[in-house]
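Down below is the structure, laid out as structure tokens.
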Amino acid sequence: MAATTTPMLEVDDLRVRFATPAGTITAVDGVSLTLGERESIAIVGESGSGKSVFARTLINLLAGNGTRTGTIKIGGRDIDELSTAERKHFFGVQAAMVFQDPMTSLNPVKRIGAQLTEAMRYHLKMGKEEANDRAVGLLRQVHIPSPEKRMRQYPHELSGGMRQRVVIAMALACEPRLLIADEPTTALDVTVQKAILDLLDDLRAERNMSLILITHDLGVAEGRADRIGVMYAGRLMELATAKDLFADMRHPYTQALLRSIPSTDMASHTRLHPIPGRPPDLLNPPQGCAFAARCRHAQPECVDIKPNLLESSGDHWYACHFPVGTSEGRAALERNETAGVTAAGLPLDEAAEEFV
Amino acid sequence: MGRVVRRTGFAIILLLTVSALTFGAMNLLGDPLFNILGPAAADTTPAGVERIEAARAEYHLDDPLPVRYLRWLGDLVQGDLGVQFSSAGQPPVADLVVERLPRTAVLLVLAQLMATVIAIPWALLAAPRVDSWFDRLSTVSTFLVVALPNFALGVLLKYVFAIRLGWFPQTYTADAPLPDRFHQLLLPALTIALPAAAVYQRLLRDDLVSTLQEEFILMARSKGLSRARILFRHALRPSLFSFVTVFGLTTGALIGGSLVVENIFRIPGLGSAIVEAVVREDFPVVLAIVVVVASVFIVVNFVVDAVYAVIDPRIRR
Ligand SMILES: Nc1ncnc2c1ncn2[C@@H]1O[C@H](COP(=O)(O)OP(=O)(O)OP(=O)(O)O)[C@@H](O)[C@H]1O
Ligand SMILES: [Mg+2]
């Protein structure tokens, strides 16, 4: 991306807190991110790491009990400084979203056509005919057969994969420059997943969109995104180009995540290593690194001091005191292995690990 | 198609059961002879006995109950509702129904319309603001209106709007011009509508609250649509089920409930007719009204059933 163009998305120190009966939880904890035009980024993390909250916050979908701090700029426009008139036709036009479950994200009582044309008519003030024509074109673009017929159908008459294509077509209706896809294939059959991801890739290229692809699967991120951000307990732990991340991962969490999932180029007998323990309680977040309690590298420093996300070399960022692939990291791991336990009290017994 | 056949069969069974039970119940209450003849039914003089025998024969009172029921049913099918036992000259029951039914029908249609017009915006305002002061106040007032006995509400409304403010007449005048009679029915209709509206608001509000948590609402919001649009175009329709169901069920109950209101506002309607008839043990009148009420109930629920399919395409077949 050229340095002169305005980035598509700039997020600075984004924090999202939710008031719950049990107390306040911090679901997104100081995320900063820049996304260039036509760039794609994958946000990867375990369940509950705040990926969806992050994605939704970007498009102004904060739940009623949530509060946000930090700035979000889309296409150079700070979303808090939009005039009322601008705001009315901003979300859904500049940025749009695809949700996880196409079985629930379409209105069951409205025809596909009505749902597809709605945003065009509302934001772009299109007439019925024009919007209909364009909707048919969109359906064709997402490879839905006999689109005219689909327009008159209801969601329940379509398969899951078809519905997700409709959802994607809906998101594209007002030609957004930023598309946010929150686990768009998690709810679908494996056979359909690749087709949908390929479709998103093609559309991004055709339409010069920027894409944020949320996934819990590092394997999905690989080869699909220019950059990958690894999220844990609402924080970005590591952020790098996809190539760098896989070739030279720095954060022990990224490493643990990769070792915990099956991957296609892994020999079939390779043993998977689930990450021991559980993500931290967001009501009482740990003082130091959020991952310390589950980290094989953890040192006393990790328990006490929260590491910041820092840039090491050419656009590779990570938040770790004892990163993988550094002498400090190696030394920390060795110390823990000798002691048989980390500074956070995690036993490093291989046998024990298997039964976690 | 099979659906329509099934529903029609169900309606017929319902009508038969309701009328048979009413027929039986009325006969448990007392001897129809007294209604037909009045004090003369106790006349033991030979002339009296003769008259009694004649009446027994004319009205087939000596036949077993099922036979009498079937005879009544046969007449009903031919459009004959019988005569009013307890009125002088024993005029046809149909006359009474034709006179009374339209008033109650207009009253209830008005009431249901008002209740709906009140409940929908009320729920739409409350649902997106769960637990706000507005929502809480709504909850409290709905409970209040529902808990308040109908006659108390009617008397209150009558006192405030008819007696103090004078916006409405205090009672109904059967021979007033049509627009005036309509005007006279507004306050009684409101009396019936308010508790119904409160119930509808509760149901609709609760359903809306859960619909608003659906992902398709989030999707609609992500399209950048306005709040109002999302509420009206996306949330309302899938939230109408309980409301529509209870609307149908309430219609039956309201006919009974209208009686109190008819009394307060002196409307000679079906509600007061059935009370008078029960008190006087006038079998044919009670039966006729029960059949009318049951039929209305069945028709309304037929409509409700069709409305389901309009609301949700997944039910269409
Ligand atoms: N409205 C809310 N009120 C309270 N807590 C919330 C709310 N929305 C999300 N959370 C919490 O925020 C945390 C992050 O949730 P989020 O849905 O973003 O996770 P995720 O990374 O998308 O997980 P998944 O992979 O399961 O989708 C979770 O602990 C969740 O319970
Ligand atoms: Mg999620």
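Scheme for the structure tokens: letters A, B, ... for chains in order shown; per-chain residue numbers from 1; ligand numbers from 1 in order shown.
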> Within 8 Å of ligand 2, counting only C-alpha atoms and all ligand atoms, which protein or nucleic acid residues do you find, written as a PyMOL selection string?
Replying inline: chain A and resi 47-48+50-53+100+182-183+214
Export N, CA, C and O atoms of the chosen residues as an mmCIF file, in the first residue's frame?
```cif
data_model
loop_
_atom_site.group_PDB
_atom_site.id
_atom_site.type_symbol
_atom_site.label_atom_id
_atom_site.label_comp_id
_atom_site.auth_asym_id
_atom_site.auth_seq_id
_atom_site.Cartn_x
_atom_site.Cartn_y
_atom_site.Cartn_z
ATOM 1 N N SER A 47 -12.408 -18.567 21.014
ATOM 2 C CA SER A 47 -13.749 -18.100 21.355
ATOM 3 C C SER A 47 -13.679 -17.189 22.586
ATOM 4 O O SER A 47 -12.985 -17.498 23.544
ATOM 5 N N GLY A 48 -14.382 -16.090 22.533
ATOM 6 C CA GLY A 48 -14.419 -15.178 23.662
ATOM 7 C C GLY A 48 -13.293 -14.171 23.701
ATOM 8 O O GLY A 48 -13.178 -13.381 24.639
ATOM 9 N N GLY A 50 -12.941 -11.633 21.890
ATOM 10 C CA GLY A 50 -13.388 -10.275 21.599
ATOM 11 C C GLY A 50 -13.408 -9.937 20.123
ATOM 12 O O GLY A 50 -13.588 -8.775 19.757
ATOM 13 N N LYS A 51 -13.271 -10.938 19.270
ATOM 14 C CA LYS A 51 -13.236 -10.685 17.828
ATOM 15 C C LYS A 51 -14.548 -10.077 17.328
ATOM 16 O O LYS A 51 -14.546 -9.087 16.599
ATOM 17 N N SER A 52 -15.641 -10.688 17.743
ATOM 18 C CA SER A 52 -16.934 -10.191 17.257
ATOM 19 C C SER A 52 -17.232 -8.801 17.802
ATOM 20 O O SER A 52 -17.735 -7.938 17.085
ATOM 21 N N VAL A 53 -16.930 -8.608 19.066
ATOM 22 C CA VAL A 53 -17.163 -7.288 19.652
ATOM 23 C C VAL A 53 -16.338 -6.248 18.892
ATOM 24 O O VAL A 53 -16.840 -5.179 18.528
ATOM 25 N N GLN A 100 -21.818 -14.457 11.024
ATOM 26 C CA GLN A 100 -21.378 -15.842 11.115
ATOM 27 C C GLN A 100 -22.402 -16.842 10.616
ATOM 28 O O GLN A 100 -22.079 -17.729 9.832
ATOM 29 N N ASP A 182 -17.401 -11.670 9.820
ATOM 30 C CA ASP A 182 -17.193 -12.271 11.135
ATOM 31 C C ASP A 182 -17.445 -13.776 11.047
ATOM 32 O O ASP A 182 -18.588 -14.218 11.057
ATOM 33 N N GLU A 183 -16.377 -14.537 10.981
ATOM 34 C CA GLU A 183 -16.471 -15.997 10.849
ATOM 35 C C GLU A 183 -17.513 -16.393 9.804
ATOM 36 O O GLU A 183 -18.472 -17.110 10.116
ATOM 37 N N ILE A 214 -12.644 -12.241 10.148
ATOM 38 C CA ILE A 214 -12.536 -12.722 11.520
ATOM 39 C C ILE A 214 -12.628 -14.241 11.490
ATOM 40 O O ILE A 214 -13.512 -14.788 10.825
#
```
> So which residues touch Leu187 in chain B within 10 Å, counting only C-alpha atoms, skipping near sequence neighbours fewer than 4 positions away, as number ranges by chain?
Replying inline: B: 107, 111, 154, 157-158, 161-162, 167-171, 182-183, 191-193, 261, 265
> Can you tell me how far CA of Val5 in chain B sits from CA of Phe243 in chain B, in Å to one decimal?
Replying inline: 25.4 Å
With a cut-off of 7 Å, could you pull out the residues of chain A touching ligand 1 and give me the nearest pair of atoms for each, distance in Å to one decimal, using only C-alpha atoms and all ligand atoms, ordered by chain and ascending number, as a Markdown table?
```
| residue | atom | partner | partner_atom_place_in_ligand_line | distance |
| --- | --- | --- | --- | --- |
| A:Phe18 | CA | ligand 1 | 4 (C) | 4.9 |
| A:Ala19 | CA | ligand 1 | 4 (C) | 6.4 |
| A:Thr20 | CA | ligand 1 | 4 (C) | 5.7 |
| A:Ile25 | CA | ligand 1 | 5 (N) | 6.7 |
| A:Ala27 | CA | ligand 1 | 12 (O) | 4.5 |
| A:Gly45 | CA | ligand 1 | 21 (O) | 6.2 |
| A:Glu46 | CA | ligand 1 | 25 (O) | 5.7 |
| A:Ser47 | CA | ligand 1 | 25 (O) | 3.4 |
| A:Gly48 | CA | ligand 1 | 19 (O) | 3.4 |
| A:Ser49 | CA | ligand 1 | 21 (O) | 3.9 |
| A:Gly50 | CA | ligand 1 | 18 (O) | 3.1 |
| A:Lys51 | CA | ligand 1 | 21 (O) | 3.8 |
| A:Ser52 | CA | ligand 1 | 22 (O) | 3.6 |
| A:Val53 | CA | ligand 1 | 18 (O) | 3.8 |
| A:Phe54 | CA | ligand 1 | 18 (O) | 6.3 |
| A:Ala63 | CA | ligand 1 | 1 (N) | 4.8 |
| A:Gly64 | CA | ligand 1 | 1 (N) | 6.8 |
| A:Asn65 | CA | ligand 1 | 1 (N) | 5.8 |
| A:Gly66 | CA | ligand 1 | 1 (N) | 6.2 |
| A:His216 | CA | ligand 1 | 25 (O) | 5.9 |
| A:Leu282 | CA | ligand 1 | 29 (O) | 6.6 |
```
Closest pair table for chain A residues within 6 Å of chain B, only C-alpha atoms, as JSON lines:
```
{"residue": "A:Phe91", "atom": "CA", "partner": "B:Gly224", "partner_atom": "CA", "distance": 4.8}
{"residue": "A:Gly92", "atom": "CA", "partner": "B:Lys223", "partner_atom": "CA", "distance": 4.1}
{"residue": "A:Thr104", "atom": "CA", "partner": "B:Glu215", "partner_atom": "CA", "distance": 5.7}
{"residue": "A:Ser105", "atom": "CA", "partner": "B:Phe216", "partner_atom": "CA", "distance": 4.0}
{"residue": "A:Leu106", "atom": "CA", "partner": "B:Phe216", "partner_atom": "CA", "distance": 5.0}
{"residue": "A:Asn107", "atom": "CA", "partner": "B:Phe216", "partner_atom": "CA", "distance": 5.3}
{"residue": "A:Val109", "atom": "CA", "partner": "B:Asp312", "partner_atom": "CA", "distance": 5.3}
```
>> Residues of range 199-290 of chain A classed as helix (DSSP H, G or I) by DSSP on the backbone are to be reported as a VMD selection string.
In response: chain A and resid 199 to 207 218 to 221 242 to 247 252 to 260
> Got a sec: who's within 8 Å of Leu270 in chain B, counting only C-alpha atoms, leaving out chain neighbours fewer than 5 positions off, as JSON, numbers by chain?
Replying inline: {"B": [97, 100, 101, 103, 104, 255, 259, 289]}
